[in-house]
Structure formats: C-alpha cells, structure tokens
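Content type compact mmCIF, C-alpha atoms and all ligand atoms, from the file model_3.txt:
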```txt
# COMPACT_ATOMS: atom_id res chain seq x y z
CA MET A 1 131.20 101.63 142.57
CA ALA A 2 131.37 97.88 143.04
CA ASN A 3 129.58 97.58 146.33
CA THR A 4 127.35 100.60 146.31
CA LYS A 5 123.64 100.33 145.58
CA ILE A 6 122.80 101.83 142.23
CA ILE A 7 119.03 102.10 142.11
CA THR A 8 117.85 105.03 144.22
CA LYS A 9 114.38 105.90 145.48
CA LYS A 10 114.10 108.50 142.74
CA SER A 11 115.24 106.17 139.97
CA LEU A 12 112.84 103.48 141.17
CA GLN A 13 110.00 106.01 141.06
CA PHE A 14 110.94 106.78 137.46
CA PHE A 15 111.08 103.08 136.58
CA GLU A 16 107.60 102.54 138.03
CA LYS A 17 106.09 105.52 136.19
CA TYR A 18 107.82 104.52 132.96
CA LEU A 19 106.56 100.92 133.27
CA ASN A 20 103.00 101.79 134.18
CA ASN A 21 102.63 103.96 131.08
CA ALA A 22 101.51 101.96 128.02
CA SER A 23 103.95 102.15 125.10
CA PRO A 24 102.67 99.72 122.44
CA THR A 25 104.71 99.15 119.30
CA GLY A 26 104.09 102.05 116.91
CA TYR A 27 102.74 104.28 119.71
CA GLU A 28 105.77 104.82 121.92
CA TRP A 29 105.98 108.62 122.14
CA GLU A 30 104.35 109.18 125.56
CA GLY A 31 106.79 106.70 127.08
CA GLN A 32 109.66 108.33 125.23
CA LYS A 33 108.67 111.69 126.75
CA ILE A 34 108.78 110.21 130.27
CA TRP A 35 112.16 108.67 129.49
CA MET A 36 113.63 111.86 128.01
CA GLU A 37 112.41 113.92 130.94
CA TYR A 38 114.32 111.64 133.33
CA LEU A 39 117.43 111.55 131.13
CA LYS A 40 117.55 115.28 130.38
CA PRO A 41 119.86 116.41 133.25
CA TYR A 42 122.46 113.82 132.25
CA VAL A 43 122.86 114.48 128.50
CA ASP A 44 123.86 117.41 126.29
CA THR A 45 121.17 117.03 123.65
CA PHE A 46 118.55 114.71 122.13
CA ILE A 47 117.91 113.25 118.71
CA THR A 48 114.43 111.94 117.85
CA ASP A 49 113.32 110.45 114.57
CA THR A 50 110.16 110.25 112.47
CA TYR A 51 108.94 106.98 114.01
CA GLY A 52 109.67 107.96 117.61
CA SER A 53 113.08 106.55 118.53
CA ALA A 54 114.81 108.82 121.04
CA VAL A 55 118.52 109.32 121.75
CA GLY A 56 120.18 111.27 124.56
CA VAL A 57 123.64 112.39 123.46
CA ILE A 58 126.73 113.15 125.55
CA ASN A 59 129.55 114.88 123.58
CA PRO A 60 127.60 115.39 120.35
CA GLU A 61 130.64 116.89 118.55
CA ALA A 62 132.77 113.75 118.93
CA GLN A 63 133.56 111.79 115.76
CA TYR A 64 133.76 108.40 117.47
CA LYS A 65 130.34 107.27 118.60
CA VAL A 66 129.25 104.61 121.08
CA VAL A 67 125.63 103.54 121.44
CA ILE A 68 124.06 101.98 124.52
CA GLU A 69 120.55 100.84 123.70
CA GLY A 70 117.27 99.41 124.90
CA HIS A 71 113.88 99.32 123.18
CA SER A 72 110.88 101.35 124.19
CA ASP A 73 107.94 99.40 122.77
CA GLU A 74 105.78 96.72 124.36
CA ILE A 75 103.76 93.92 122.83
CA SER A 76 100.06 94.60 122.36
CA TRP A 77 97.08 93.67 120.19
CA TYR A 78 95.12 95.34 117.37
CA VAL A 79 91.33 95.26 117.05
CA ASN A 80 90.94 93.25 113.83
CA TYR A 81 87.24 92.40 113.57
CA ILE A 82 84.04 93.44 115.33
CA THR A 83 81.12 90.98 115.40
CA ASP A 84 77.50 92.06 114.94
CA ASN A 85 76.89 91.37 118.64
CA GLY A 86 79.71 93.67 119.68
CA LEU A 87 82.67 91.38 120.44
CA LEU A 88 86.20 92.16 119.25
CA TYR A 89 88.64 89.75 117.62
CA VAL A 90 92.32 90.66 117.69
CA ILE A 91 95.62 90.23 115.88
CA ARG A 92 99.06 90.54 117.42
CA ASN A 93 101.19 93.68 117.52
CA GLY A 94 104.40 91.91 118.57
CA GLY A 95 104.57 88.47 120.16
CA SER A 96 101.52 88.72 122.41
CA ASP A 97 100.63 85.40 124.04
CA HIS A 98 97.18 84.01 123.21
CA GLN A 99 97.48 81.46 126.04
CA ILE A 100 97.36 84.08 128.80
CA ALA A 101 94.59 86.23 127.31
CA PRO A 102 91.36 84.71 128.70
CA SER A 103 90.10 86.55 131.78
CA LYS A 104 92.56 89.48 131.44
CA TRP A 105 91.43 93.11 131.66
CA VAL A 106 92.46 95.25 128.68
CA ASN A 107 92.83 98.91 127.78
CA ILE A 108 91.71 99.80 124.26
CA HIS A 109 93.34 103.02 123.10
CA THR A 110 90.99 105.30 121.15
CA LYS A 111 91.12 108.93 120.06
CA ALA A 112 88.78 109.79 122.91
CA GLY A 113 90.85 107.94 125.52
CA VAL A 114 91.02 104.45 127.00
CA VAL A 115 88.04 102.07 126.76
CA THR A 116 88.16 99.18 129.23
CA GLY A 117 87.41 95.61 128.19
CA VAL A 118 87.90 91.98 129.19
CA PHE A 119 89.03 88.90 127.33
CA GLY A 120 86.03 86.63 127.90
CA TRP A 121 86.15 82.82 127.94
CA PRO A 122 83.46 80.11 128.05
CA ALA A 123 82.73 78.92 131.57
CA ILE A 124 84.23 75.61 132.68
CA HIS A 125 80.65 74.26 133.08
CA THR A 126 79.83 74.77 129.43
CA ARG A 127 82.94 73.19 127.95
CA ASP A 128 83.35 69.62 126.68
CA LYS A 129 85.90 68.24 129.17
CA SER A 130 86.82 65.37 126.84
CA LYS A 131 88.23 67.79 124.26
CA GLU A 132 89.31 71.07 125.87
CA THR A 133 90.01 73.85 123.35
CA PRO A 134 93.10 75.89 124.23
CA PRO A 135 93.02 79.68 123.71
CA LYS A 136 94.18 80.54 120.19
CA LEU A 137 94.29 83.69 118.11
CA ASP A 138 91.08 82.75 116.32
CA ASN A 139 89.00 82.04 119.45
CA ILE A 140 90.03 84.70 121.98
CA PHE A 141 87.77 87.75 122.03
CA ILE A 142 87.24 90.99 123.93
CA ASP A 143 83.97 92.14 125.49
CA ILE A 144 83.70 95.90 126.15
CA GLY A 145 80.15 95.73 127.46
CA ALA A 146 78.58 96.81 124.18
CA LYS A 147 75.32 95.21 123.01
CA ASP A 148 76.19 95.33 119.30
CA LYS A 149 78.64 96.59 116.67
CA GLU A 150 76.95 99.98 116.53
CA GLU A 151 77.49 100.54 120.24
CA VAL A 152 81.16 99.49 119.90
CA GLU A 153 81.60 102.18 117.26
CA LYS A 154 79.80 104.76 119.41
CA MET A 155 82.31 104.01 122.16
CA GLY A 156 85.09 105.07 119.77
CA VAL A 157 86.46 101.57 119.20
CA HIS A 158 87.26 100.61 115.59
CA VAL A 159 89.46 98.24 113.65
CA GLY A 160 93.09 99.30 114.18
CA CYS A 161 92.73 100.44 117.79
CA VAL A 162 95.64 99.18 119.87
CA ILE A 163 95.06 97.12 123.04
CA THR A 164 97.36 96.86 126.06
CA TYR A 165 97.16 95.22 129.48
CA PRO A 166 96.74 97.50 132.50
CA ASP A 167 98.97 95.46 134.83
CA GLU A 168 101.25 97.68 136.92
CA PHE A 169 104.58 97.48 138.72
CA HIS A 170 104.93 95.37 141.86
CA ILE A 171 107.84 94.23 144.00
CA LEU A 172 107.78 90.59 145.13
CA ASN A 173 109.73 89.68 148.26
CA LYS A 174 111.78 92.92 148.31
CA ASP A 175 114.00 92.33 145.30
CA LYS A 176 111.95 90.91 142.41
CA PHE A 177 110.47 93.49 140.06
CA VAL A 178 107.23 92.33 138.42
CA CYS A 179 105.30 94.05 135.62
CA ARG A 180 104.15 93.72 132.04
CA ALA A 181 106.65 95.29 129.60
CA ILE A 182 109.78 94.89 131.71
CA ASP A 183 110.72 93.61 128.23
CA ASN A 184 112.20 96.08 127.53
CA ARG A 185 111.32 99.08 129.63
CA ALA A 186 114.13 97.75 131.85
CA GLY A 187 116.54 98.36 128.96
CA GLY A 188 115.62 102.03 128.67
CA PHE A 189 115.82 102.31 132.44
CA MET A 190 119.26 100.71 132.66
CA VAL A 191 120.87 102.81 129.91
CA ALA A 192 119.40 105.96 131.49
CA GLU A 193 120.89 104.92 134.84
CA VAL A 194 124.30 104.55 133.17
CA ALA A 195 123.99 108.17 131.98
CA ARG A 196 122.99 109.29 135.47
CA LEU A 197 125.98 107.55 137.04
CA LEU A 198 128.41 109.02 134.51
CA HIS A 199 127.03 112.45 135.34
CA GLU A 200 126.99 112.00 139.12
CA ASN A 201 130.49 110.49 139.18
CA LYS A 202 131.73 113.30 136.89
CA LYS A 203 133.15 110.85 134.34
CA LYS A 204 134.25 112.49 131.09
CA LEU A 205 134.12 110.13 128.13
CA PRO A 206 136.57 110.55 125.22
CA PHE A 207 133.81 109.77 122.69
CA GLY A 208 130.21 110.58 121.90
CA LEU A 209 127.75 108.48 123.90
CA TYR A 210 124.34 107.85 122.32
CA ILE A 211 121.86 106.62 124.92
CA THR A 212 119.26 105.12 122.62
CA ASN A 213 115.66 104.02 123.15
CA ALA A 214 114.51 102.47 119.89
CA VAL A 215 110.90 101.90 118.87
CA GLN A 216 109.34 98.86 117.15
CA GLU A 217 111.72 96.12 118.32
CA GLU A 218 108.94 93.64 118.99
CA ILE A 219 107.86 93.43 115.36
CA GLY A 220 111.35 93.00 113.90
CA LEU A 221 113.99 95.43 115.19
CA ARG A 222 112.61 98.21 112.99
CA GLY A 223 113.35 101.24 115.19
CA ALA A 224 116.97 100.16 115.62
CA GLU A 225 117.30 99.65 111.86
CA MET A 226 116.24 103.27 111.37
CA ILE A 227 118.16 105.00 114.16
CA THR A 228 121.48 103.25 113.47
CA GLN A 229 121.48 104.90 110.02
CA THR A 230 120.99 108.28 111.68
CA ILE A 231 123.65 107.83 114.38
CA LYS A 232 126.22 105.87 112.31
CA PRO A 233 127.89 104.51 115.46
CA ASN A 234 131.30 102.83 115.79
CA VAL A 235 130.23 100.64 118.71
CA ALA A 236 126.84 99.49 119.99
CA ILE A 237 126.14 97.82 123.32
CA ILE A 238 122.59 96.53 123.37
CA THR A 239 120.59 95.46 126.38
CA ASP A 240 117.40 93.41 126.27
CA VAL A 241 115.88 90.59 128.30
CA CYS A 242 116.50 86.84 128.02
CA HIS A 243 114.78 83.82 129.56
CA ASP A 244 115.25 82.45 133.04
CA THR A 245 115.20 78.79 132.04
CA THR A 246 114.91 77.36 135.56
CA THR A 247 111.11 77.67 135.88
CA PRO A 248 108.85 74.70 134.96
CA MET A 249 108.45 73.25 131.46
CA ILE A 250 111.56 74.82 129.90
CA ASP A 251 114.11 72.42 128.41
CA GLN A 252 117.60 73.60 129.28
CA LYS A 253 119.14 71.27 126.67
CA THR A 254 117.56 73.39 123.95
CA GLN A 255 117.08 76.73 125.75
CA GLY A 256 120.36 76.85 127.71
CA HIS A 257 120.72 77.59 131.42
CA THR A 258 120.34 81.18 132.55
CA GLU A 259 118.55 82.40 135.65
CA ILE A 260 117.56 85.48 137.57
CA GLY A 261 119.84 86.59 140.39
CA GLN A 262 122.96 85.15 138.73
CA GLY A 263 124.04 88.28 136.85
CA PRO A 264 123.93 89.84 133.38
CA VAL A 265 123.89 87.39 130.45
CA ILE A 266 126.54 87.90 127.77
CA SER A 267 125.70 86.57 124.31
CA TYR A 268 127.74 84.60 121.82
CA ALA A 269 126.32 85.01 118.31
CA PRO A 270 127.48 85.95 114.82
CA ALA A 271 126.25 89.54 115.25
CA VAL A 272 128.30 89.91 118.44
CA GLN A 273 131.76 91.30 117.70
CA ASN A 274 134.19 89.03 119.53
CA LYS A 275 136.71 91.66 120.61
CA LEU A 276 133.99 93.91 121.99
CA ARG A 277 132.44 90.96 123.84
CA GLU A 278 135.81 90.01 125.32
CA ARG A 279 136.21 93.61 126.52
CA ILE A 280 132.91 93.26 128.35
CA ILE A 281 133.95 89.94 129.88
CA GLU A 282 137.37 91.30 130.96
CA THR A 283 135.55 94.26 132.52
CA ALA A 284 133.15 92.00 134.41
CA GLU A 285 136.03 89.89 135.70
CA ALA A 286 138.14 92.92 136.72
CA LYS A 287 135.22 94.59 138.51
CA LYS A 288 133.93 91.33 139.99
CA ILE A 289 130.54 91.67 138.33
CA PRO A 290 128.86 88.24 138.11
CA PHE A 291 127.80 87.17 134.62
CA GLN A 292 126.30 84.26 132.70
CA ARG A 293 126.76 83.13 129.11
CA MET A 294 124.26 82.36 126.39
CA ALA A 295 124.62 81.30 122.77
CA ALA A 296 122.36 82.22 119.87
CA SER A 297 122.19 80.36 116.61
CA ARG A 298 122.02 82.82 113.67
CA SER A 299 120.12 85.87 115.00
CA THR A 300 120.12 87.12 118.60
CA GLY A 301 116.49 88.17 118.13
CA THR A 302 117.41 91.59 119.52
CA ASP A 303 118.39 95.02 118.22
CA THR A 304 122.01 93.81 118.36
CA ASP A 305 121.58 92.38 114.88
CA ALA A 306 120.09 95.62 113.52
CA PHE A 307 123.09 97.62 114.75
CA ALA A 308 125.71 95.01 113.81
CA TYR A 309 124.54 94.63 110.23
CA SER A 310 124.27 98.36 109.49
CA ASN A 311 126.62 101.00 108.14
CA GLY A 312 129.08 98.44 106.76
CA GLY A 313 129.28 96.64 110.12
CA VAL A 314 129.17 98.14 113.64
CA ALA A 315 131.03 96.42 116.51
CA SER A 316 128.06 95.28 118.60
CA ALA A 317 127.46 93.22 121.73
CA LEU A 318 124.50 92.10 123.82
CA ILE A 319 124.16 92.19 127.59
CA SER A 320 120.84 90.66 128.63
CA LEU A 321 118.77 90.87 131.78
CA PRO A 322 117.42 87.42 132.75
CA LEU A 323 113.66 87.44 133.11
CA ARG A 324 110.90 84.99 134.03
CA TYR A 325 107.62 84.64 132.10
CA MET A 326 108.50 86.74 129.03
CA HIS A 327 105.57 88.29 127.15
CA THR A 328 103.18 87.65 130.04
CA THR A 329 101.82 90.39 132.30
CA VAL A 330 104.00 89.19 135.20
CA GLU A 331 107.47 89.43 133.74
CA THR A 332 109.87 89.09 136.68
CA VAL A 333 113.48 90.22 137.11
CA HIS A 334 115.91 90.40 140.03
CA ARG A 335 116.91 93.81 141.31
CA ASN A 336 120.55 92.69 141.64
CA ASP A 337 120.67 91.76 137.95
CA VAL A 338 119.25 95.16 136.98
CA GLU A 339 122.00 96.82 139.03
CA ASN A 340 124.70 94.55 137.64
CA VAL A 341 123.70 95.21 134.02
CA ILE A 342 123.92 98.95 134.74
CA ARG A 343 127.29 98.43 136.43
CA LEU A 344 128.64 96.29 133.58
CA ILE A 345 127.64 98.76 130.85
CA TYR A 346 129.04 101.67 132.89
CA GLU A 347 132.39 99.99 133.58
CA THR A 348 132.69 98.79 129.98
CA LEU A 349 132.23 102.34 128.69
CA LEU A 350 135.10 103.46 130.92
CA ASN A 351 137.15 100.71 129.28
CA ILE A 352 136.63 101.83 125.68
CA LYS A 353 139.15 104.20 124.11
CA GLU A 354 138.37 106.83 121.51
CA GLY A 355 138.96 105.56 117.95
CA GLU A 356 139.13 101.82 118.77
CA SER A 357 138.36 99.70 115.70
CA PHE A 358 138.06 96.32 117.47
CA SER A 359 139.64 94.93 114.27
CA TYR A 360 140.69 91.28 114.26
CA PHE A 361 143.67 92.20 112.10
CA ASP A 362 145.45 94.87 114.18
ZN ZN A 401 109.93 91.01 123.66
```

What is this file in structure tokens?
Amino acid sequence: MANTKIITKKSLQFFEKYLNNASPTGYEWEGQKIWMEYLKPYVDTFITDTYGSAVGVINPEAQYKVVIEGHSDEISWYVNYITDNGLLYVIRNGGSDHQIAPSKWVNIHTKAGVVTGVFGWPAIHTRDKSKETPPKLDNIFIDIGAKDKEEVEKMGVHVGCVITYPDEFHILNKDKFVCRAIDNRAGGFMVAEVARLLHENKKKLPFGLYITNAVQEEIGLRGAEMITQTIKPNVAIITDVCHDTTTPMIDQKTQGHTEIGQGPVISYAPAVQNKLRERIIETAEAKKIPFQRMAASRSTGTDTDAFAYSNGGVASALISLPLRYMHTTVETVHRNDVENVIRLIYETLLNIKEGESFSYFD
C-alpha cells in the first residue's frame, strides 16, 4: 500500500460530483444519496436516521463496533428578512464568513428550484474612504433582480430559504484540490475510500465497521450526537479539516503550526483517548505515513467530542486534513494529505483487534 497512489480517476470523479452538489446543514440528503451510491459496492448494509445521517456498515452482526466518520453538511445562509424594495438580509447556518460575501454569486434553494442571486456591495466611488465599513452580518445583502418584496415572493423566495455558494471543484497546480465545502466533504470522501480499499484488497475485519457521514456538524455536532446513540460504537476515528497556519495573518503562537502537504494532523485533546491516539501514531510510524501534531484546549470543535462523550464514553480520536482558507469558497487541500489520511485510517483499522477496551488500567 505505502507507495501506491490511492485516489483513482473514478474516485476523483465521485469527489468532484459530491463536492459540486450543495449539502447545506439541515438539507444534506441529496449529498448523502450521492455518497451512498458510491459506497454501496463496498458495504453490507446502510443505516440512515431521521435527520439524514448515513452509515455504511461492514459486518453488521458483529458486537464490537468501530466508527470512521466525516460530516456531510456545509455552511450556508438563511434568508432572514426581505426589504420592501426586494433585497434579502441573511443569518448564518453554520460559520459562514461575512467578510467574503460581497460580490459573490449565490444559489437560493426554493421549492421550485434554485434562484440565482448576488451579494451586492456599495461601489468604491460612493464610500467614505476615511471610514471604510467592513462587511458585517447586518450590512451584507442579496439582490435577486426583483423590483420589490412582492416580486421576491413570486420568485418563490421566502424567509427560511437556504443559500449556498455555487463555486465548484478545481485543481490548482496538479495536486491542490480547491472548492467550497471541502470542509468536510473530504471527510466523507476519505472514509468511503477506506471502505473501497478494504474491499479491493479483500481485507476481512474482525469487527463491525460503521462508515459514518453525519449531518449538522457545522451548527454544533448535532448529527454525530444523534447517530452515536444509534450505533453505540466501541471506537470512533473522526476525520475533519484543520487550519494550514502558514498563510498570511495567522499567528502560529496561538494557532499552532500545521500546513498542507506535511501529512495528516493528529490531535491531542481531552476527548481524544490516549491509547487509541498512540495506536494511530504507532501505525503512522510503522507504515512511514507522515503526520503532524495539534493540540486543542477543551473541545476539538469536531464530531470527536460528540462520539467521545456519548454512551458512557467511546474511545475516540481525530485525524485532520490540513486546509487553507476554511469557510471560504476556495478551501484548499493537498492531494498527498488526502491520500495519507485515507492510508492512516486504513492501516489503523488493520491494527485494531476485536474487543479491545483501550483501558488505561489493563
Ligand atoms: Zn466547518
């Protein structure tokens, strides 16, 4: 495995299709269908829940259960207020960035389909240069080309419609993947690739493997909180994105030093079970998979915490994919890191025995 390329033409096509589809928090099911369709040949069965989390299961009869997980939702906006002259004010659905909004195209999702709009912004000529107003939640607005509120409503747009960015997948300089929502469509992609490799390499696991794509991470780990109660796992390996801190205006003394191209990032945090994390590190060292370290004070800010603090405590760990420009429409990751996260999760699974407690007292 160590030196072979993991991402194939077919898997890259899936990743692109999966990324280009909008999957805003609370409305993830179309993306989940794309993901399940890709995963189907590699699993025995699926579990889905009321709010849309999806799980591909290998060995569903097994008592001992291991989860590998990413989250399926992407940050977006809600229409919150419509002015009499037909402009839309928004609130966040997840950590959407007000600073990047002006001049972006948007897709407004309505019952009748997508309505296109733009975040407008006052022209440079009309602004007071001595006191520039930065974009904020209360001054950014969307123009859908309607002359008044009545026309907005006729177009099918109302308060509560969800808004996403249309930006699609690109490759920069051969090995940098760029798109909105790589946070965390990459997670779903990577855990699905682990399942594909297990299948193609005819690896039989001695436990149940639950390849999980949770909804609603971006608004507080909610999908993971739900699905962990359904699965009741013994072990959970979570994958999400973390910051590349080497680009401008990021303070490494407070944010740490992690960067794209340098390998998966392994977290140290209270929710991370130390023995499970050491198993991952030993695996990386044995298989010569490069890795970086990161520390989190209190919460990891990822689904790791939701799994760890459920069901009386689930041995959990976090393997992150370093990413530039998080929560913008040009999130950027390195292809080698994507492959190395897949490799590290795969090899770690082969290093877990059925029934392991990871107890500190054995
Ligand atoms: Zn995020």

Show me which residues line ligand ZN 401 (chain A), defined as having an atom within 10 Å of a ligand atom where only C-alpha atoms and all ligand atoms count, and present them as a compact mmCIF listing (two decimals) with C-alpha atoms, in the frame of the given file.
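Printed below is pocket39.txt as written:
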```txt
# COMPACT_ATOMS: atom_id res chain seq x y z
CA HIS A 71 113.88 99.32 123.18
CA ASP A 73 107.94 99.40 122.77
CA GLU A 74 105.78 96.72 124.36
CA ILE A 75 103.76 93.92 122.83
CA GLY A 94 104.40 91.91 118.57
CA GLY A 95 104.57 88.47 120.16
CA SER A 96 101.52 88.72 122.41
CA ALA A 181 106.65 95.29 129.60
CA ILE A 182 109.78 94.89 131.71
CA ASP A 183 110.72 93.61 128.23
CA ASN A 184 112.20 96.08 127.53
CA GLU A 217 111.72 96.12 118.32
CA GLU A 218 108.94 93.64 118.99
CA ILE A 219 107.86 93.43 115.36
CA ASP A 240 117.40 93.41 126.27
CA VAL A 241 115.88 90.59 128.30
CA CYS A 242 116.50 86.84 128.02
CA GLY A 301 116.49 88.17 118.13
CA THR A 302 117.41 91.59 119.52
CA MET A 326 108.50 86.74 129.03
CA HIS A 327 105.57 88.29 127.15
CA THR A 328 103.18 87.65 130.04
```

Between stretch 167-258 of chain A and stretch 54-65 of chain A, at 9 Å or less, what are the per-residue closest atom pairs and their distances in Å? Count all atoms listed in the file, order by chain and rising residue number, and return it as a tab-separated table.
```
residue	atom	partner	partner_atom	distance
A:Ala192	CA	A:Gly56	CA	8.8
A:Ala195	CA	A:Ile58	CA	8.6
A:Leu205	CA	A:Asn59	CA	8.0
A:Pro206	CA	A:Ala62	CA	8.0
A:Phe207	CA	A:Tyr64	CA	5.4
A:Gly208	CA	A:Asn59	CA	4.7
A:Leu209	CA	A:Ile58	CA	5.1
A:Tyr210	CA	A:Val57	CA	4.7
A:Ile211	CA	A:Gly56	CA	5.0
A:Thr212	CA	A:Val55	CA	4.4
A:Asn213	CA	A:Ala54	CA	5.3
A:Ala214	CA	A:Ala54	CA	6.5
A:Val215	CA	A:Ala54	CA	8.2
A:Ile227	CA	A:Ala54	CA	8.6
A:Ile231	CA	A:Lys65	CA	7.9
A:Lys232	CA	A:Lys65	CA	7.6
A:Pro233	CA	A:Lys65	CA	4.8
A:Asn234	CA	A:Lys65	CA	5.3
A:Val235	CA	A:Lys65	CA	6.6
A:Ala236	CA	A:Lys65	CA	8.6
```

Identify the residues within 6 Å of coordinate (121.3, 99.7, 131.1) (same frame as the file), considering all atoms listed in the file, and give the answer as a PyMOL selection string. chain A and resi 187+190-191+341-342

Taking (115.6, 84.5, 128.1) in the file's coordinates, which residues come within 12 Å, counting all atoms listed in the file, written as a ChimeraX atom specification? /A:183,240-247,250,252,255-260,264-267,292-296,300-302,319-327,331-333

Emit the selected residues as a JSON list (two decimals), keeping the file's coordinate frame, including C-alpha atoms.
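Written output follows (out-v7.json):
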```
[["chain", "number", "residue", "atom", "x", "y", "z"],
["A", 183, "ASP", "CA", 110.72, 93.61, 128.23],
["A", 240, "ASP", "CA", 117.40, 93.41, 126.27],
["A", 241, "VAL", "CA", 115.88, 90.59, 128.30],
["A", 242, "CYS", "CA", 116.50, 86.84, 128.02],
["A", 243, "HIS", "CA", 114.78, 83.82, 129.56],
["A", 244, "ASP", "CA", 115.25, 82.45, 133.04],
["A", 245, "THR", "CA", 115.20, 78.79, 132.04],
["A", 246, "THR", "CA", 114.91, 77.36, 135.56],
["A", 247, "THR", "CA", 111.11, 77.67, 135.88],
["A", 250, "ILE", "CA", 111.56, 74.82, 129.90],
["A", 252, "GLN", "CA", 117.60, 73.60, 129.28],
["A", 255, "GLN", "CA", 117.08, 76.73, 125.75],
["A", 256, "GLY", "CA", 120.36, 76.85, 127.71],
["A", 257, "HIS", "CA", 120.72, 77.59, 131.42],
["A", 258, "THR", "CA", 120.34, 81.18, 132.55],
["A", 259, "GLU", "CA", 118.55, 82.40, 135.65],
["A", 260, "ILE", "CA", 117.56, 85.48, 137.57],
["A", 264, "PRO", "CA", 123.93, 89.84, 133.38],
["A", 265, "VAL", "CA", 123.89, 87.39, 130.45],
["A", 266, "ILE", "CA", 126.54, 87.90, 127.77],
["A", 267, "SER", "CA", 125.70, 86.57, 124.31],
["A", 292, "GLN", "CA", 126.30, 84.26, 132.70],
["A", 293, "ARG", "CA", 126.76, 83.13, 129.11],
["A", 294, "MET", "CA", 124.26, 82.36, 126.39],
["A", 295, "ALA", "CA", 124.62, 81.30, 122.77],
["A", 296, "ALA", "CA", 122.36, 82.22, 119.87],
["A", 300, "THR", "CA", 120.12, 87.12, 118.60],
["A", 301, "GLY", "CA", 116.49, 88.17, 118.13],
["A", 302, "THR", "CA", 117.41, 91.59, 119.52],
["A", 319, "ILE", "CA", 124.16, 92.19, 127.59],
["A", 320, "SER", "CA", 120.84, 90.66, 128.63],
["A", 321, "LEU", "CA", 118.77, 90.87, 131.78],
["A", 322, "PRO", "CA", 117.42, 87.42, 132.75],
["A", 323, "LEU", "CA", 113.66, 87.44, 133.11],
["A", 324, "ARG", "CA", 110.90, 84.99, 134.03],
["A", 325, "TYR", "CA", 107.62, 84.64, 132.10],
["A", 326, "MET", "CA", 108.50, 86.74, 129.03],
["A", 327, "HIS", "CA", 105.57, 88.29, 127.15],
["A", 331, "GLU", "CA", 107.47, 89.43, 133.74],
["A", 332, "THR", "CA", 109.87, 89.09, 136.68],
["A", 333, "VAL", "CA", 113.48, 90.22, 137.11]]
```

Which distance in Å separates atom CA of A:Glu153 and atom CA of A:His98, to one decimal?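 Separating atom CA of A:Glu153 from atom CA of A:His98 is a distance of 24.7 Å.
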
Counting only C-alpha atoms, what is within 8 Å of A:Phe119, bar same-chain residues fewer than 2 positions away, as a ChimeraX atom specification? /A:101-106,117,121,140-143

Using atom CA of A:Gly312 and atom CA of A:Val67 as the two end points, give the distance in Å to one decimal.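 Interatomic distance, atom CA of A:Gly312 to atom CA of A:Val67: 15.9 Å.
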
So which residues touch A:Thr329 within 8 Å, counting only C-alpha atoms, skipping near sequence neighbours fewer than 4 positions away, as number ranges by chain? A: 165, 167, 179-181

Could you save those same residues with C-alpha atoms as a JSON list (two decimals), in the coordinates of the input?
```json
[["chain", "number", "residue", "atom", "x", "y", "z"],
["A", 165, "TYR", "CA", 97.16, 95.22, 129.48],
["A", 167, "ASP", "CA", 98.97, 95.46, 134.83],
["A", 179, "CYS", "CA", 105.30, 94.05, 135.62],
["A", 180, "ARG", "CA", 104.15, 93.72, 132.04],
["A", 181, "ALA", "CA", 106.65, 95.29, 129.60]]
```

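With all atoms listed in the file as the atoms that count, the minimum distance from A:Glu225 to the choices A:Ser53, A:Thr8, A:Asn20, A:Thr126 is reached by A:Ser53.
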
Skip A:Gly263 itself and residues of its chain fewer than 2 positions away, then list as a PyMOL selection string all residues within 6 Å of it, counting all atoms listed in the file. chain A and resi 261+290-291+337

For A:Gln216, which residue among A:Tyr27, A:Tyr309, A:Phe189, A:Tyr38 is the nearest when counting only C-alpha atoms? A:Tyr27

Find the residues near A:Thr304: any atom within 10 Å, counting only C-alpha atoms, skip ones fewer than 5 places away on the same chain, and give them as a count of residues only. 21

Quick one: pull the distance between atom CA of A:Glu278 and atom CA of A:Ala306, Å, one decimal.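 These two atoms are separated by 20.4 Å.
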
What are the nearest atom pairs, with distances in Å to one decimal, for all residues of stretch 93-175 of chain A that come at most 10 Å from stretch 13-17 of chain A, using only C-alpha atoms, set out by chain and rising residue number as CSV?
```
residue,atom,partner,partner_atom,distance
A:Glu168,CA,A:Glu16,CA,8.1
A:Phe169,CA,A:Glu16,CA,5.9
A:His170,CA,A:Glu16,CA,8.6
```

Could those residues be written to a file, using C-alpha atoms, as a compact mmCIF listing (two decimals), in the coordinates of the input?
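Okay, result.txt is ready:
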```
# COMPACT_ATOMS: atom_id res chain seq x y z
CA GLU A 168 101.25 97.68 136.92
CA PHE A 169 104.58 97.48 138.72
CA HIS A 170 104.93 95.37 141.86
```

Counting only C-alpha atoms, the option among A:Asp175, A:Glu30, A:Glu339, A:Glu347 closest to A:Glu193: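 The answer is A:Glu339, which sits nearest to A:Glu193.
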
Excluding A:Val115 and residues on its chain fewer than 2 positions from it, collect all residues at most 10 Å away from it, counting all atoms listed in the file, and give them as a list in words.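 So the residues in contact are Val106, Asn107, Ile108, His109, Thr110, Ala112, Gly113, Gly117, Ile144, Met155, Gly156, Val157 and Ile163 of chain A.
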
Which is closer to A:Gly160 than all the others in A:Gln99, A:Thr133, A:Asn80, A:Asn93, using all atoms listed in the file? A:Asn80

Find, counting all atoms listed in the file, the residue in A:Val114, A:Val159, A:Ser359, A:Glu151 that gets nearest to A:Val79.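 Smallest separation from A:Val79 among the options: A:Val159.
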
Could you check which of A:Ile68, A:Val118, A:Ile100, A:Ile91 is closest to A:Pro134, using all atoms listed in the file?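 Among the listed residues, A:Ile100 lies closest to A:Pro134.
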